[in-house]
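Structure, as structure tokens:
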Amino acid sequence: MTTHSNTPAGWYPDPHGAPQTLRYWDGAKWTEHTNADQQGQAAQQPAQAVPQQQAGPDPRAQQQVKQQVQQQAGVAGAAPAAAACSASRCSW
């Protein structure tokens with residue numbers, strides 16, 4: 001008698017409960033073929049330390065981007081408006 005299943009043939013966790021073991025399902029029945037579950041072993045290994053990244057963007061890179069934006073806007077090297085106005089005693 002043939003058992004019909006919608007589950008495709010392949011390696012699955014051992015239904016007999018063997019830890020970290022895969023058993024081959026041939027599409028109709030479990031076979032005697034087993035294999036170590038590499039993914040299960042990898043999941044149980046301790047995670048390696050991940051290098052810490054800087055808390056924020058590099059201030060030098062931010063300054064460079066700011067200067068490029070000012071150059072493209074045609075205001076490179078210009079003093080901020082409030083500082084320029086206070087130097088000439090402007091009143092707003």
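Identifiers for the structure tokens are assigned positionally: chains receive A, B, ... in sequence, residues are indexed from 1 per chain, and ligands are indexed from 1 in the order shown.
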Within 12 Å of Thr31 of chain A, counting only C-alpha atoms, which residues show up once you throw out same-chain ones fewer than 3 positions away? Write them as a list of chain:residue names, please.
A:Ala9, A:Gly10, A:Trp11, A:Tyr12, A:Asp14, A:Pro15, A:His16, A:Leu22, A:Arg23, A:Tyr24, A:Trp25, A:Asp26, A:Gly27, A:Ala28, A:Thr34, A:Asn35
Between A:Pro13, A:Lys66, A:Val75, A:Pro59, which has the minimum distance to Asp37 of chain A (counting only C-alpha atoms)?
A:Pro13
